[in-house]
Amino acid sequence: CIGAQFFIIQLAVLVITTTDRLIIIQFFGPEHVTFYEIVLKLFSVITIAHGLISAPLWSAYTEAYQNNEIEWIRKMLRKQLLIFIVFVLIIAMLVTIASLIIEFWIGENIRIPTQLIIAMGVFVAVSIWNNIFAMFINGIGKIQIQLYAAVIAMLVNIPISIYLIKNTELGISGVIAGACFSLALAA
């Protein structure tokens, strides 16, 4: 049963992340996916780094929970929150210099909208925040609330993204803002 729950959670996350590209193509055209992909790839350095730090904690939380080491779990969650602050500072710095990096990396021909860079920074911060607690919840095997949150996030992601595209001036950033909002439900 837990395996099926993990599958549904992963499916929900996959739907949220892959539908962004489809929505961008539908509303803005395939050339705009390029902007999205460039910024996503740039910020993926941060998500990969955080993943390397947090992945081993899943089994560590499992062991600590089984051994009733509640204080260790609390201490580790506090450390993770301090690390989160460091990552937020790194994200803020990357948002500030992203245009320069992209210009050096891709060239001067592509101009990425600043609000797309900011939206992606917020998306990465929300994702890291969720990941901190997902590792704990996964480790102790109490994933029911995560399952419900993931399914709700999946169901609201597309309508919110479309609403933001149609009713705001966010452009492509509205798609990422919709993903941020839907993931924030789990946060």
# chains A, B, ... in the order shown; residues from 1 in each chain; ligands from 1
$ residues_around --residues "Val126 of chain A" --least-positions-apart "2" --cutoff "9 Å" --atoms "only C-alpha atoms" --output "list in words"
Gly121, Val122, Phe123, Val124, Ile128, Trp129, Asn130, Asn131, Cys180, Leu183, Ala184 and Ala187 of chain A
$ closest_atom_pairs --of "segment 74-125 of chain A" --to "segment 11-35 of chain A" --cutoff "12 Å" --atoms "only C-alpha atoms" --output "tab-separated table"
residue	atom	partner	partner_atom	distance
A:Ser99	CA	A:Phe35	CA	11.6
A:Ile102	CA	A:Phe35	CA	10.2
A:Ile106	CA	A:Phe35	CA	10.8
A:Asn109	CA	A:Phe35	CA	11.7
A:Ile110	CA	A:Phe35	CA	8.0
A:Arg111	CA	A:Phe35	CA	8.2
A:Ile112	CA	A:Phe35	CA	6.1
A:Pro113	CA	A:Phe35	CA	8.3
A:Thr114	CA	A:Phe35	CA	10.9
A:Gln115	CA	A:Phe35	CA	11.6
A:Leu116	CA	A:Phe35	CA	8.4
A:Ile117	CA	A:Phe35	CA	9.5
A:Met120	CA	A:Phe35	CA	11.2
A:Phe123	CA	A:Thr17	CA	10.8
A:Val124	CA	A:Thr17	CA	12.0
$ write_last_selection --atoms "N, CA and C atoms" --output "short mmCIF file (atom, residue, chain, number, x, y, z; two decimals), in the first residue's frame"
data_model
loop_
_atom_site.label_atom_id
_atom_site.label_comp_id
_atom_site.auth_asym_id
_atom_site.auth_seq_id
_atom_site.Cartn_x
_atom_site.Cartn_y
_atom_site.Cartn_z
N SER A 99 20.85 36.54 -15.17
CA SER A 99 20.91 37.11 -16.53
C SER A 99 22.33 37.13 -17.06
N ILE A 102 23.32 33.50 -17.87
CA ILE A 102 22.64 33.05 -19.08
C ILE A 102 23.26 33.70 -20.32
N ILE A 106 24.55 31.12 -22.88
CA ILE A 106 23.78 30.94 -24.11
C ILE A 106 24.14 31.98 -25.17
N ASN A 109 21.74 36.65 -27.63
CA ASN A 109 20.53 36.61 -28.46
C ASN A 109 19.26 36.31 -27.66
N ILE A 110 19.40 35.63 -26.56
CA ILE A 110 18.22 35.25 -25.77
C ILE A 110 18.12 36.13 -24.54
N ARG A 111 17.00 36.80 -24.42
CA ARG A 111 16.72 37.65 -23.26
C ARG A 111 15.63 36.99 -22.43
N ILE A 112 15.99 36.56 -21.25
CA ILE A 112 15.05 35.90 -20.34
C ILE A 112 14.37 36.97 -19.49
N PRO A 113 13.04 36.96 -19.43
CA PRO A 113 12.35 37.92 -18.57
C PRO A 113 12.75 37.76 -17.10
N THR A 114 12.99 38.88 -16.44
CA THR A 114 13.41 38.86 -15.03
C THR A 114 12.37 38.18 -14.15
N GLN A 115 11.10 38.43 -14.43
CA GLN A 115 10.09 37.81 -13.57
C GLN A 115 10.06 36.30 -13.72
N LEU A 116 10.50 35.76 -14.86
CA LEU A 116 10.62 34.31 -15.01
C LEU A 116 11.73 33.78 -14.11
N ILE A 117 12.82 34.49 -14.04
CA ILE A 117 13.93 34.10 -13.18
C ILE A 117 13.50 34.15 -11.71
N MET A 120 11.12 31.28 -10.94
CA MET A 120 11.82 30.00 -10.82
C MET A 120 12.56 29.92 -9.49
N PHE A 123 10.02 29.03 -7.00
CA PHE A 123 9.66 27.62 -7.20
C PHE A 123 10.69 26.69 -6.57
N VAL A 124 11.95 26.98 -6.78
CA VAL A 124 13.02 26.14 -6.22
C VAL A 124 13.01 26.22 -4.69
#
$ closest_residue --among "A:Ile158, A:Ile101, A:Ile143, A:Leu185" --to "Lys41 of chain A" --atoms "only C-alpha atoms"
A:Ile101
$ closest_residue --among "A:Asn157, A:Thr47, A:Asn167, A:Gln144" --to "Phe181 of chain A" --atoms "only C-alpha atoms"
A:Asn157
$ atom_distance --atom1 "atom CA of Val175 of chain A" --atom2 "atom CA of Ile162 of chain A"
7.2 Å
$ residues_around --residues "segment 59-73 of chain A" --least-positions-apart "2" --cutoff "8 Å" --atoms "only C-alpha atoms" --output "PyMOL selection string"
chain A and resi 56-57+75-77+135-136+139-141
$ write_last_selection --atoms "N, CA, C and O atoms" --output "PDB file, in the first residue's frame"
ATOM      1  N   PRO A  56      20.181  11.222   1.819  1.00  0.00           N
ATOM      2  CA  PRO A  56      20.544  10.234   2.843  1.00  0.00           C
ATOM      3  C   PRO A  56      19.706  10.327   4.119  1.00  0.00           C
ATOM      4  O   PRO A  56      19.686   9.392   4.920  1.00  0.00           O
ATOM      5  N   LEU A  57      19.009  11.430   4.284  1.00  0.00           N
ATOM      6  CA  LEU A  57      18.242  11.603   5.516  1.00  0.00           C
ATOM      7  C   LEU A  57      17.007  10.710   5.581  1.00  0.00           C
ATOM      8  O   LEU A  57      16.535  10.387   6.667  1.00  0.00           O
ATOM      9  N   LYS A  75      16.635  17.781  16.042  1.00  0.00           N
ATOM     10  CA  LYS A  75      17.910  18.446  15.783  1.00  0.00           C
ATOM     11  C   LYS A  75      18.206  18.469  14.275  1.00  0.00           C
ATOM     12  O   LYS A  75      18.632  19.489  13.727  1.00  0.00           O
ATOM     13  N   MET A  76      17.951  17.348  13.601  1.00  0.00           N
ATOM     14  CA  MET A  76      18.216  17.267  12.166  1.00  0.00           C
ATOM     15  C   MET A  76      17.271  18.177  11.391  1.00  0.00           C
ATOM     16  O   MET A  76      17.688  18.835  10.433  1.00  0.00           O
ATOM     17  N   LEU A  77      16.011  18.250  11.781  1.00  0.00           N
ATOM     18  CA  LEU A  77      15.071  19.144  11.106  1.00  0.00           C
ATOM     19  C   LEU A  77      15.492  20.602  11.289  1.00  0.00           C
ATOM     20  O   LEU A  77      15.399  21.399  10.354  1.00  0.00           O
ATOM     21  N   MET A 135      11.313  14.228   3.175  1.00  0.00           N
ATOM     22  CA  MET A 135      12.288  13.228   3.606  1.00  0.00           C
ATOM     23  C   MET A 135      11.935  12.684   4.988  1.00  0.00           C
ATOM     24  O   MET A 135      12.003  11.475   5.229  1.00  0.00           O
ATOM     25  N   PHE A 136      11.527  13.570   5.871  1.00  0.00           N
ATOM     26  CA  PHE A 136      11.123  13.141   7.214  1.00  0.00           C
ATOM     27  C   PHE A 136       9.870  12.276   7.146  1.00  0.00           C
ATOM     28  O   PHE A 136       9.829  11.176   7.708  1.00  0.00           O
ATOM     29  N   GLY A 139      10.558   9.001   5.604  1.00  0.00           N
ATOM     30  CA  GLY A 139      11.380   8.189   6.494  1.00  0.00           C
ATOM     31  C   GLY A 139      10.586   7.504   7.586  1.00  0.00           C
ATOM     32  O   GLY A 139      10.890   6.365   7.955  1.00  0.00           O
ATOM     33  N   ILE A 140       9.577   8.164   8.098  1.00  0.00           N
ATOM     34  CA  ILE A 140       8.787   7.542   9.170  1.00  0.00           C
ATOM     35  C   ILE A 140       7.570   6.797   8.621  1.00  0.00           C
ATOM     36  O   ILE A 140       6.827   6.178   9.382  1.00  0.00           O
ATOM     37  N   GLY A 141       7.375   6.860   7.315  1.00  0.00           N
ATOM     38  CA  GLY A 141       6.320   6.088   6.676  1.00  0.00           C
ATOM     39  C   GLY A 141       4.916   6.637   6.858  1.00  0.00           C
ATOM     40  O   GLY A 141       3.946   5.936   6.618  1.00  0.00           O
TER      41      GLY A 141
END
$ residues_around --residues "Ala186 of chain A" --least-positions-apart "3" --cutoff "10 Å" --atoms "only C-alpha atoms" --output "short mmCIF file (atom, residue, chain, number, x, y, z; two decimals) with C-alpha atoms, in the first residue's frame"
data_model
loop_
_atom_site.label_atom_id
_atom_site.label_comp_id
_atom_site.auth_asym_id
_atom_site.auth_seq_id
_atom_site.Cartn_x
_atom_site.Cartn_y
_atom_site.Cartn_z
CA VAL A 126 9.25 26.05 -2.24
CA SER A 127 10.47 22.74 -3.66
CA TRP A 129 11.13 23.49 1.68
CA ASN A 130 8.78 20.66 0.73
CA PHE A 133 9.72 17.62 5.29
CA ALA A 134 9.07 14.99 2.61
CA ILE A 145 -1.03 13.70 4.25
CA GLN A 146 1.71 14.01 1.63
CA LEU A 147 -0.37 11.84 -0.69
CA TYR A 148 -3.45 14.05 -0.27
CA ALA A 149 -1.43 17.24 -0.66
CA ALA A 150 0.25 15.93 -3.83
CA VAL A 151 -3.06 14.94 -5.42
CA ILE A 152 -4.66 18.29 -4.54
CA ALA A 153 -1.58 20.12 -5.88
CA PHE A 181 0.99 27.92 -5.42
CA SER A 182 0.03 24.28 -5.90
CA LEU A 183 3.24 23.07 -4.22
#
$ atom_distance --atom1 "atom CA of Gly51 of chain A" --atom2 "atom CA of Ala125 of chain A"
12.6 Å
$ atom_distance --atom1 "atom CA of Leu94 of chain A" --atom2 "atom CA of Leu52 of chain A"
19.0 Å
$ closest_residue --among "A:Leu40, A:Ile137, A:Ser54, A:Gln80" --to "Val95 of chain A" --atoms "only C-alpha atoms"
A:Leu40
$ decode --residues "segment 48-159 of chain A" --atoms "C-alpha atoms" --output "PDB file, in the first residue's frame"
ATOM      1  CA  ILE A  48      20.524  18.806  -7.286  1.00  0.00           C
ATOM      2  CA  ALA A  49      22.814  20.143  -4.546  1.00  0.00           C
ATOM      3  CA  HIS A  50      19.992  20.071  -2.024  1.00  0.00           C
ATOM      4  CA  GLY A  51      18.997  16.589  -3.156  1.00  0.00           C
ATOM      5  CA  LEU A  52      22.522  15.349  -2.501  1.00  0.00           C
ATOM      6  CA  ILE A  53      22.354  16.763   1.006  1.00  0.00           C
ATOM      7  CA  SER A  54      18.871  15.566   1.881  1.00  0.00           C
ATOM      8  CA  ALA A  55      18.592  12.158   0.176  1.00  0.00           C
ATOM      9  CA  PRO A  56      20.544  10.234   2.843  1.00  0.00           C
ATOM     10  CA  LEU A  57      18.242  11.603   5.516  1.00  0.00           C
ATOM     11  CA  TRP A  58      15.305   9.444   4.423  1.00  0.00           C
ATOM     12  CA  SER A  59      16.888   6.250   5.787  1.00  0.00           C
ATOM     13  CA  ALA A  60      18.424   8.126   8.728  1.00  0.00           C
ATOM     14  CA  TYR A  61      14.975   9.376   9.753  1.00  0.00           C
ATOM     15  CA  THR A  62      13.627   5.827   9.416  1.00  0.00           C
ATOM     16  CA  GLU A  63      16.297   4.453  11.724  1.00  0.00           C
ATOM     17  CA  ALA A  64      15.963   7.292  14.239  1.00  0.00           C
ATOM     18  CA  TYR A  65      12.170   6.932  14.301  1.00  0.00           C
ATOM     19  CA  GLN A  66      12.376   3.173  14.831  1.00  0.00           C
ATOM     20  CA  ASN A  67      14.854   3.742  17.683  1.00  0.00           C
ATOM     21  CA  ASN A  68      12.641   6.477  19.175  1.00  0.00           C
ATOM     22  CA  GLU A  69      15.412   9.086  18.791  1.00  0.00           C
ATOM     23  CA  ILE A  70      12.992  11.990  18.651  1.00  0.00           C
ATOM     24  CA  GLU A  71      15.569  14.547  19.797  1.00  0.00           C
ATOM     25  CA  TRP A  72      17.911  13.573  16.950  1.00  0.00           C
ATOM     26  CA  ILE A  73      15.032  14.013  14.487  1.00  0.00           C
ATOM     27  CA  ARG A  74      14.241  17.469  15.901  1.00  0.00           C
ATOM     28  CA  LYS A  75      17.910  18.446  15.783  1.00  0.00           C
ATOM     29  CA  MET A  76      18.216  17.267  12.166  1.00  0.00           C
ATOM     30  CA  LEU A  77      15.071  19.144  11.106  1.00  0.00           C
ATOM     31  CA  ARG A  78      16.475  22.313  12.717  1.00  0.00           C
ATOM     32  CA  LYS A  79      19.732  21.800  10.790  1.00  0.00           C
ATOM     33  CA  GLN A  80      17.773  21.313   7.599  1.00  0.00           C
ATOM     34  CA  LEU A  81      15.922  24.574   8.216  1.00  0.00           C
ATOM     35  CA  LEU A  82      19.235  26.389   8.722  1.00  0.00           C
ATOM     36  CA  ILE A  83      20.508  24.833   5.512  1.00  0.00           C
ATOM     37  CA  PHE A  84      17.288  26.013   3.861  1.00  0.00           C
ATOM     38  CA  ILE A  85      18.135  29.595   4.836  1.00  0.00           C
ATOM     39  CA  VAL A  86      21.547  29.185   3.200  1.00  0.00           C
ATOM     40  CA  PHE A  87      19.889  27.835   0.063  1.00  0.00           C
ATOM     41  CA  VAL A  88      17.446  30.762   0.001  1.00  0.00           C
ATOM     42  CA  LEU A  89      20.422  33.133   0.119  1.00  0.00           C
ATOM     43  CA  ILE A  90      22.065  31.209  -2.724  1.00  0.00           C
ATOM     44  CA  ILE A  91      18.809  31.335  -4.693  1.00  0.00           C
ATOM     45  CA  ALA A  92      18.572  35.099  -4.127  1.00  0.00           C
ATOM     46  CA  MET A  93      22.148  35.517  -5.319  1.00  0.00           C
ATOM     47  CA  LEU A  94      21.480  33.358  -8.385  1.00  0.00           C
ATOM     48  CA  VAL A  95      18.341  35.360  -9.190  1.00  0.00           C
ATOM     49  CA  THR A  96      20.486  38.500  -9.069  1.00  0.00           C
ATOM     50  CA  ILE A  97      23.182  37.210 -11.427  1.00  0.00           C
ATOM     51  CA  ALA A  98      21.153  34.765 -13.541  1.00  0.00           C
ATOM     52  CA  SER A  99      20.906  37.110 -16.529  1.00  0.00           C
ATOM     53  CA  LEU A 100      24.696  37.466 -16.620  1.00  0.00           C
ATOM     54  CA  ILE A 101      25.203  33.715 -16.364  1.00  0.00           C
ATOM     55  CA  ILE A 102      22.641  33.049 -19.082  1.00  0.00           C
ATOM     56  CA  GLU A 103      24.205  35.663 -21.352  1.00  0.00           C
ATOM     57  CA  PHE A 104      27.641  34.081 -20.874  1.00  0.00           C
ATOM     58  CA  TRP A 105      26.232  30.546 -21.224  1.00  0.00           C
ATOM     59  CA  ILE A 106      23.779  30.944 -24.108  1.00  0.00           C
ATOM     60  CA  GLY A 107      24.770  34.251 -25.656  1.00  0.00           C
ATOM     61  CA  GLU A 108      23.278  37.682 -26.039  1.00  0.00           C
ATOM     62  CA  ASN A 109      20.532  36.607 -28.457  1.00  0.00           C
ATOM     63  CA  ILE A 110      18.221  35.248 -25.773  1.00  0.00           C
ATOM     64  CA  ARG A 111      16.723  37.648 -23.256  1.00  0.00           C
ATOM     65  CA  ILE A 112      15.053  35.898 -20.345  1.00  0.00           C
ATOM     66  CA  PRO A 113      12.350  37.925 -18.565  1.00  0.00           C
ATOM     67  CA  THR A 114      13.409  38.862 -15.034  1.00  0.00           C
ATOM     68  CA  GLN A 115      10.089  37.814 -13.565  1.00  0.00           C
ATOM     69  CA  LEU A 116      10.618  34.309 -15.015  1.00  0.00           C
ATOM     70  CA  ILE A 117      13.935  34.100 -13.178  1.00  0.00           C
ATOM     71  CA  ILE A 118      12.332  35.321  -9.939  1.00  0.00           C
ATOM     72  CA  ALA A 119       9.416  32.894 -10.308  1.00  0.00           C
ATOM     73  CA  MET A 120      11.820  30.004 -10.824  1.00  0.00           C
ATOM     74  CA  GLY A 121      13.774  31.058  -7.737  1.00  0.00           C
ATOM     75  CA  VAL A 122      10.575  30.984  -5.680  1.00  0.00           C
ATOM     76  CA  PHE A 123       9.656  27.623  -7.198  1.00  0.00           C
ATOM     77  CA  VAL A 124      13.021  26.143  -6.218  1.00  0.00           C
ATOM     78  CA  ALA A 125      12.731  27.542  -2.674  1.00  0.00           C
ATOM     79  CA  VAL A 126       9.249  26.051  -2.244  1.00  0.00           C
ATOM     80  CA  SER A 127      10.470  22.736  -3.655  1.00  0.00           C
ATOM     81  CA  ILE A 128      13.404  22.628  -1.234  1.00  0.00           C
ATOM     82  CA  TRP A 129      11.126  23.490   1.681  1.00  0.00           C
ATOM     83  CA  ASN A 130       8.782  20.658   0.729  1.00  0.00           C
ATOM     84  CA  ASN A 131      11.688  18.273   0.260  1.00  0.00           C
ATOM     85  CA  ILE A 132      12.939  18.882   3.800  1.00  0.00           C
ATOM     86  CA  PHE A 133       9.716  17.619   5.288  1.00  0.00           C
ATOM     87  CA  ALA A 134       9.070  14.995   2.609  1.00  0.00           C
ATOM     88  CA  MET A 135      12.288  13.228   3.606  1.00  0.00           C
ATOM     89  CA  PHE A 136      11.123  13.141   7.214  1.00  0.00           C
ATOM     90  CA  ILE A 137       7.584  12.031   6.369  1.00  0.00           C
ATOM     91  CA  ASN A 138       8.854   9.397   3.957  1.00  0.00           C
ATOM     92  CA  GLY A 139      11.380   8.189   6.494  1.00  0.00           C
ATOM     93  CA  ILE A 140       8.787   7.542   9.170  1.00  0.00           C
ATOM     94  CA  GLY A 141       6.320   6.088   6.676  1.00  0.00           C
ATOM     95  CA  LYS A 142       3.457   8.504   7.468  1.00  0.00           C
ATOM     96  CA  ILE A 143       2.832   9.657   3.929  1.00  0.00           C
ATOM     97  CA  GLN A 144      -0.974   9.893   3.920  1.00  0.00           C
ATOM     98  CA  ILE A 145      -1.030  13.696   4.246  1.00  0.00           C
ATOM     99  CA  GLN A 146       1.714  14.006   1.634  1.00  0.00           C
ATOM    100  CA  LEU A 147      -0.372  11.844  -0.691  1.00  0.00           C
ATOM    101  CA  TYR A 148      -3.452  14.047  -0.266  1.00  0.00           C
ATOM    102  CA  ALA A 149      -1.428  17.242  -0.662  1.00  0.00           C
ATOM    103  CA  ALA A 150       0.248  15.932  -3.828  1.00  0.00           C
ATOM    104  CA  VAL A 151      -3.060  14.935  -5.416  1.00  0.00           C
ATOM    105  CA  ILE A 152      -4.658  18.288  -4.542  1.00  0.00           C
ATOM    106  CA  ALA A 153      -1.582  20.120  -5.884  1.00  0.00           C
ATOM    107  CA  MET A 154      -1.824  18.137  -9.107  1.00  0.00           C
ATOM    108  CA  LEU A 155      -5.524  18.923  -9.507  1.00  0.00           C
ATOM    109  CA  VAL A 156      -5.195  22.674  -8.887  1.00  0.00           C
ATOM    110  CA  ASN A 157      -1.941  23.262 -10.767  1.00  0.00           C
ATOM    111  CA  ILE A 158      -3.333  23.511 -14.291  1.00  0.00           C
ATOM    112  CA  PRO A 159      -6.410  25.628 -13.467  1.00  0.00           C
TER     113      PRO A 159
END
